[in-house]
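**Q** Take this structure, written in structure tokens, and hold onto it; I'll ask about it next.
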Amino acid sequence: MKNLITFIMIFLLFLANKTEAKVKVIATTTDLGSLVSSVGGDKVEIITLGKGYQNPHSVQAKPSFMAKMQNADAFIKVGLDLDMWGNALIDGSRNEDIYLGSPGHIDASIGCEILEIPTVKLDKSQGHIHIYGNPHYWLDPLNGIKIMDNICKGLSIIDPDDANYFKANKEKYGKEIKTSLQGWLKQMEPYKGRKIVTYHDSWPNFAKRFGLDIVGYIEPKPGVPPTANDIAKLIGVMKEENAKIIIMEPYFSDQVPKLVAEKTGATILVLPPSVGGVEGINNYIDLFDYNIGKLVEAFKKS
């Protein structure tokens, strides 16, 4: 009888531990981590490798990341060559559950609207060009909903018992994004067609969704520092196009943007492309609330 009671207690403890087990997810960026949290809720445990204030192209692949990935159930990436640094981490983790082709390897870009897909042969002289298209697609809120579809599908394969829970969370947050989008579009409506310059080519999806016209870049080619001649040409374009806003990411130097702003009378607007890029941006909707708010404020002043 005593042995039976002991067995039952052990079995119940096993069931409790099994019930409490969470899906362990590794996300390469804070944006993906935020959307995983929205879909997975309290059924997931998330580790985000990149920080919101870091350039997502060049996150350092630390050995400590490999250790975190050894027991992961899922790995979610931006894809399109942006977070290729994650490939070495996957190999080093020796975790077959997150290898490319496994259910636990989730590419967030599937089904999203990808812009600037090259139609000609590329070479190194063209800068840091992504052969599959511009990877900053998450800066369109509707792509955020597509990303959640991919997350929901991946989590449901790994944890089918909670598939309905994941789906309900996805649909709930998707409705919140769509409702917020209507407000953002209304805020931006008076400034539709405004011409802007950006530092890096991070904003095409954002610009398309919210009706902005990008007429130039601080970087003449992605990842290539501008020469004096490049700067002079950009200043000429900005004066001709009457572009009065320069958007730059927080991880770039403001030395050249300040020079260009002095010559053109433009305003420099530091906008984070990722969750956590500045204090107070704690989730995906916060990111757009902040950036749209700052843009509207700058347009009013300019």
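Ordering of the structure tokens sets the chain letters (A, B, ...), residue numbers begin anew at 1 in every chain, and ligands are numbered from 1 in the order given.
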Go through segment 82-115 of chain A residue by residue and, counting only C-alpha atoms, keep those with an atom at most 12 Å from segment 38-49 of chain A; for each kept residue give the shortest atom pair and its distance in Å to one decimal, ordered by chain and increasing number, as a tab-separated table.

**A**
```
residue	atom	partner	partner_atom	distance
A:Asp83	CA	A:Leu49	CA	10.5
A:Trp85	CA	A:Leu49	CA	10.6
A:Gly86	CA	A:Leu49	CA	9.1
A:Leu89	CA	A:Leu49	CA	10.5
```

**Q** Just to be explicit: take each residue in the selection above, keep N, CA, C and O atoms, and write the result as a short mmCIF file (atom, residue, chain, number, x, y, z; two decimals), in the first residue's frame.

**A**
```cif
data_model
loop_
_atom_site.label_atom_id
_atom_site.label_comp_id
_atom_site.auth_asym_id
_atom_site.auth_seq_id
_atom_site.Cartn_x
_atom_site.Cartn_y
_atom_site.Cartn_z
N ASP A 83 19.93 37.89 -40.34
CA ASP A 83 20.51 37.32 -39.12
C ASP A 83 21.25 36.00 -39.42
O ASP A 83 21.08 35.01 -38.70
N TRP A 85 24.16 35.41 -38.82
CA TRP A 85 25.03 35.10 -37.69
C TRP A 85 24.43 34.00 -36.81
O TRP A 85 25.14 33.33 -36.06
N GLY A 86 23.13 33.79 -36.93
CA GLY A 86 22.47 32.74 -36.15
C GLY A 86 22.81 31.33 -36.62
O GLY A 86 22.69 30.36 -35.85
N LEU A 89 25.52 29.73 -34.66
CA LEU A 89 25.05 29.40 -33.32
C LEU A 89 24.26 28.09 -33.32
O LEU A 89 24.39 27.26 -32.41
#
```

**Q** Would you pick out the contacts of segment 166-173 of chain A at 12 Å or less, using only C-alpha atoms, so that residues sharing its chain but fewer than 4 positions from it are not included, and give the list as a PyMOL selection string?

**A** chain A and resi 23+34-44+141-142+144-162+177-180+283-285

**Q** Of the candidates A:Ala74, A:Val224, A:Ile106, A:Ile231, which shows the shortest atom-to-atom distance to Lys24 of chain A, using only C-alpha atoms?

**A**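 That would be A:Ala74, the residue with the smallest distance to Lys24 of chain A.
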
**Q** Taking only C-alpha atoms into account, produce a table as CSV in which each residue of segment 68-157 of chain A with an atom at most 10 Å from an atom of segment 271-278 of chain A appears once, together with its shortest atom pair and the distance in Å to one decimal, ordered by chain and rising number.

**A**
```
residue,atom,partner,partner_atom,distance
A:His136,CA,A:Pro273,CA,8.4
A:Trp138,CA,A:Pro273,CA,8.9
A:Leu139,CA,A:Pro273,CA,7.1
```

**Q** Keeping N, CA and C atoms for every residue in the selection just given, could you write it to a file as a tab-separated table (two decimals), in the first residue's frame?

**A**
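The resulting file, again31.tsv, is reproduced below:
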```
chain	number	residue	atom	x	y	z
A	136	HIS	N	13.87	44.15	-43.67
A	136	HIS	CA	13.25	44.94	-42.61
A	136	HIS	C	11.72	44.96	-42.74
A	138	TRP	N	9.39	43.62	-41.05
A	138	TRP	CA	8.54	43.67	-39.85
A	138	TRP	C	8.06	45.09	-39.56
A	139	LEU	N	8.64	46.10	-40.25
A	139	LEU	CA	8.22	47.48	-40.03
A	139	LEU	C	6.96	47.86	-40.79
```

**Q** Taking only C-alpha atoms into account, name the residue in A:Asp286, A:Glu241, A:Glu279, A:Asp91 that is nearest to Leu181 of chain A.

**A**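 For Leu181 of chain A, the nearest of the given residues is A:Asp286.
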
**Q** Could you name the residues that touch Lys233 of chain A at 12 Å or less, counting only C-alpha atoms, but leaving out those on the same chain fewer than 5 positions away, as a list in words?

**A**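 Result of the neighbour search: Val215, Gly216, Tyr217, Ile218, Glu219, Pro220, Pro226, Thr227, Ala228, Met238, Lys239, Glu240, Val260, Lys263 and Thr264 of chain A.
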
**Q** Using only C-alpha atoms, can you tell me which of A:Lys195, A:Lys244, A:Lys301, A:Lys62 comes closest to Asp213 of chain A?

**A**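 When distances to Asp213 of chain A are compared using only C-alpha atoms, the smallest one comes from A:Lys195.
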
**Q** Using DSSP on the backbone coordinates, identify all residues within segment 184-250 of chain A classified as strand (DSSP E); present the result as a VMD selection string.

**A** chain A and resid 195 to 198 213 to 217 245 to 248

**Q** Output the selection as an mmCIF file, in the first residue's frame - N, CA and C atoms for each residue.

**A**
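The resulting file, selection-v6.cif, is reproduced below:
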```
data_model
loop_
_atom_site.group_PDB
_atom_site.id
_atom_site.type_symbol
_atom_site.label_atom_id
_atom_site.label_comp_id
_atom_site.auth_asym_id
_atom_site.auth_seq_id
_atom_site.Cartn_x
_atom_site.Cartn_y
_atom_site.Cartn_z
ATOM 1 N N LYS A 195 8.496 63.751 -48.353
ATOM 2 C CA LYS A 195 9.787 63.211 -48.784
ATOM 3 C C LYS A 195 10.750 63.194 -47.594
ATOM 4 N N ILE A 196 11.408 62.063 -47.428
ATOM 5 C CA ILE A 196 12.337 61.905 -46.320
ATOM 6 C C ILE A 196 13.637 61.266 -46.815
ATOM 7 N N VAL A 197 14.655 61.341 -45.964
ATOM 8 C CA VAL A 197 15.921 60.648 -46.185
ATOM 9 C C VAL A 197 16.154 59.738 -44.992
ATOM 10 N N THR A 198 16.711 58.557 -45.212
ATOM 11 C CA THR A 198 17.036 57.668 -44.104
ATOM 12 C C THR A 198 18.526 57.345 -44.125
ATOM 13 N N ASP A 213 7.800 59.068 -48.921
ATOM 14 C CA ASP A 213 8.619 58.938 -50.120
ATOM 15 C C ASP A 213 10.092 59.095 -49.735
ATOM 16 N N ILE A 214 10.845 58.001 -49.772
ATOM 17 C CA ILE A 214 12.266 58.047 -49.441
ATOM 18 C C ILE A 214 13.040 58.478 -50.689
ATOM 19 N N VAL A 215 13.699 59.645 -50.610
ATOM 20 C CA VAL A 215 14.377 60.194 -51.794
ATOM 21 C C VAL A 215 15.893 60.034 -51.738
ATOM 22 N N GLY A 216 16.414 59.550 -50.623
ATOM 23 C CA GLY A 216 17.858 59.373 -50.529
ATOM 24 C C GLY A 216 18.263 58.718 -49.221
ATOM 25 N N TYR A 217 19.546 58.380 -49.149
ATOM 26 C CA TYR A 217 20.095 57.696 -47.977
ATOM 27 C C TYR A 217 21.431 58.329 -47.607
ATOM 28 N N ILE A 245 13.262 65.828 -43.365
ATOM 29 C CA ILE A 245 13.390 64.862 -42.272
ATOM 30 C C ILE A 245 14.466 63.833 -42.629
ATOM 31 N N ILE A 246 15.398 63.621 -41.700
ATOM 32 C CA ILE A 246 16.393 62.559 -41.832
ATOM 33 C C ILE A 246 16.147 61.548 -40.717
ATOM 34 N N ILE A 247 15.787 60.339 -41.100
ATOM 35 C CA ILE A 247 15.591 59.281 -40.115
ATOM 36 C C ILE A 247 16.881 58.479 -39.989
ATOM 37 N N MET A 248 17.336 58.312 -38.756
ATOM 38 C CA MET A 248 18.510 57.470 -38.531
ATOM 39 C C MET A 248 18.256 56.516 -37.366
#
```

**Q** A:Pro250, A:Gly211, A:Pro135, A:Pro257: which is nearest Met84 of chain A, counting only C-alpha atoms?

**A**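 Closest candidate: A:Pro135.
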
**Q** Using only C-alpha atoms, determine which residues lie at most 9 Å from Ile90 of chain A, disregarding the query and same-chain residues fewer than 6 positions distant; provide the list as an mmCIF file with N, CA, C and O atoms, in the first residue's frame.

**A**
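Writing the result to part12.cif gives the following:
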```
data_model
loop_
_atom_site.group_PDB
_atom_site.id
_atom_site.type_symbol
_atom_site.label_atom_id
_atom_site.label_comp_id
_atom_site.auth_asym_id
_atom_site.auth_seq_id
_atom_site.Cartn_x
_atom_site.Cartn_y
_atom_site.Cartn_z
ATOM 1 N N MET A 66 25.167 29.848 -27.734
ATOM 2 C CA MET A 66 25.071 28.430 -28.098
ATOM 3 C C MET A 66 24.569 27.596 -26.926
ATOM 4 O O MET A 66 23.741 26.695 -27.093
ATOM 5 N N MET A 69 20.957 27.786 -26.501
ATOM 6 C CA MET A 69 20.202 27.156 -27.582
ATOM 7 C C MET A 69 20.206 25.631 -27.533
ATOM 8 O O MET A 69 19.452 24.979 -28.256
ATOM 9 N N GLN A 70 21.035 25.066 -26.662
ATOM 10 C CA GLN A 70 21.190 23.609 -26.640
ATOM 11 C C GLN A 70 19.899 22.878 -26.299
ATOM 12 O O GLN A 70 19.643 21.781 -26.805
ATOM 13 N N PHE A 75 13.607 27.912 -32.769
ATOM 14 C CA PHE A 75 14.485 29.028 -33.122
ATOM 15 C C PHE A 75 13.765 29.815 -34.202
ATOM 16 O O PHE A 75 13.389 29.273 -35.240
ATOM 17 N N GLU A 96 19.451 19.376 -32.812
ATOM 18 C CA GLU A 96 18.794 19.028 -34.074
ATOM 19 C C GLU A 96 17.360 19.532 -34.147
ATOM 20 O O GLU A 96 16.800 19.644 -35.238
ATOM 21 N N ILE A 98 16.334 22.433 -33.776
ATOM 22 C CA ILE A 98 16.233 23.768 -34.362
ATOM 23 C C ILE A 98 17.038 23.898 -35.657
ATOM 24 O O ILE A 98 17.221 25.002 -36.173
ATOM 25 N N TYR A 99 17.501 22.783 -36.195
ATOM 26 C CA TYR A 99 18.202 22.811 -37.478
ATOM 27 C C TYR A 99 17.246 23.252 -38.594
ATOM 28 O O TYR A 99 16.026 23.038 -38.516
ATOM 29 N N LEU A 100 17.819 23.842 -39.637
ATOM 30 C CA LEU A 100 17.041 24.205 -40.810
ATOM 31 C C LEU A 100 16.317 22.972 -41.349
ATOM 32 O O LEU A 100 16.917 21.921 -41.550
#
```

**Q** Apply DSSP to the backbone of this structure and, from segment 106-271 of chain A, keep only the residues in helix (DSSP H, G or I); write these as a ChimeraX atom specification.

**A** /A:124-126,137-139,141-158,160-191,204-210,228-241,255-264

**Q** Give me the residues within 7 Å of segment 116-120 of chain A as a VMD selection string, counting only C-alpha atoms and dropping any in the same chain fewer than 3 places off.

**A** chain A and resid 131 to 134

**Q** Write a file of the selected residues as a PDB file, in the first residue's frame, keeping N, CA, C and O atoms.

**A**
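Output below, filename part_35.pdb:
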```pdb
ATOM      1  N   ILE A 131      20.108  39.330 -51.162  1.00  0.00           N
ATOM      2  CA  ILE A 131      19.718  38.709 -52.426  1.00  0.00           C
ATOM      3  C   ILE A 131      18.252  38.281 -52.453  1.00  0.00           C
ATOM      4  O   ILE A 131      17.686  38.067 -53.520  1.00  0.00           O
ATOM      5  N   TYR A 132      17.620  38.164 -51.279  1.00  0.00           N
ATOM      6  CA  TYR A 132      16.224  37.734 -51.241  1.00  0.00           C
ATOM      7  C   TYR A 132      15.263  38.893 -51.021  1.00  0.00           C
ATOM      8  O   TYR A 132      14.058  38.685 -50.905  1.00  0.00           O
ATOM      9  N   GLY A 133      15.793  40.110 -50.960  1.00  0.00           N
ATOM     10  CA  GLY A 133      14.943  41.272 -50.751  1.00  0.00           C
ATOM     11  C   GLY A 133      15.254  41.953 -49.424  1.00  0.00           C
ATOM     12  O   GLY A 133      16.044  41.469 -48.613  1.00  0.00           O
ATOM     13  N   ASN A 134      14.635  43.100 -49.200  1.00  0.00           N
ATOM     14  CA  ASN A 134      14.900  43.882 -47.995  1.00  0.00           C
ATOM     15  C   ASN A 134      14.357  43.158 -46.762  1.00  0.00           C
ATOM     16  O   ASN A 134      13.171  42.844 -46.703  1.00  0.00           O
TER      17      ASN A 134
END
```

**Q** Using atom CA of Lys175 of chain A and atom CA of Glu189 of chain A as the two end points, give the distance in Å to one decimal.

**A**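 Taking atom CA of Lys175 of chain A and atom CA of Glu189 of chain A, their separation equals 21.2 Å.
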
**Q** Identify, on the basis of only C-alpha atoms, every residue whose closest approach to Cys112 of chain A does not exceed 7 Å; exclude the query and any residue fewer than 2 positions from it along the same chain; express the result as a PyMOL selection string.

**A** chain A and resi 109-110+114+143+146
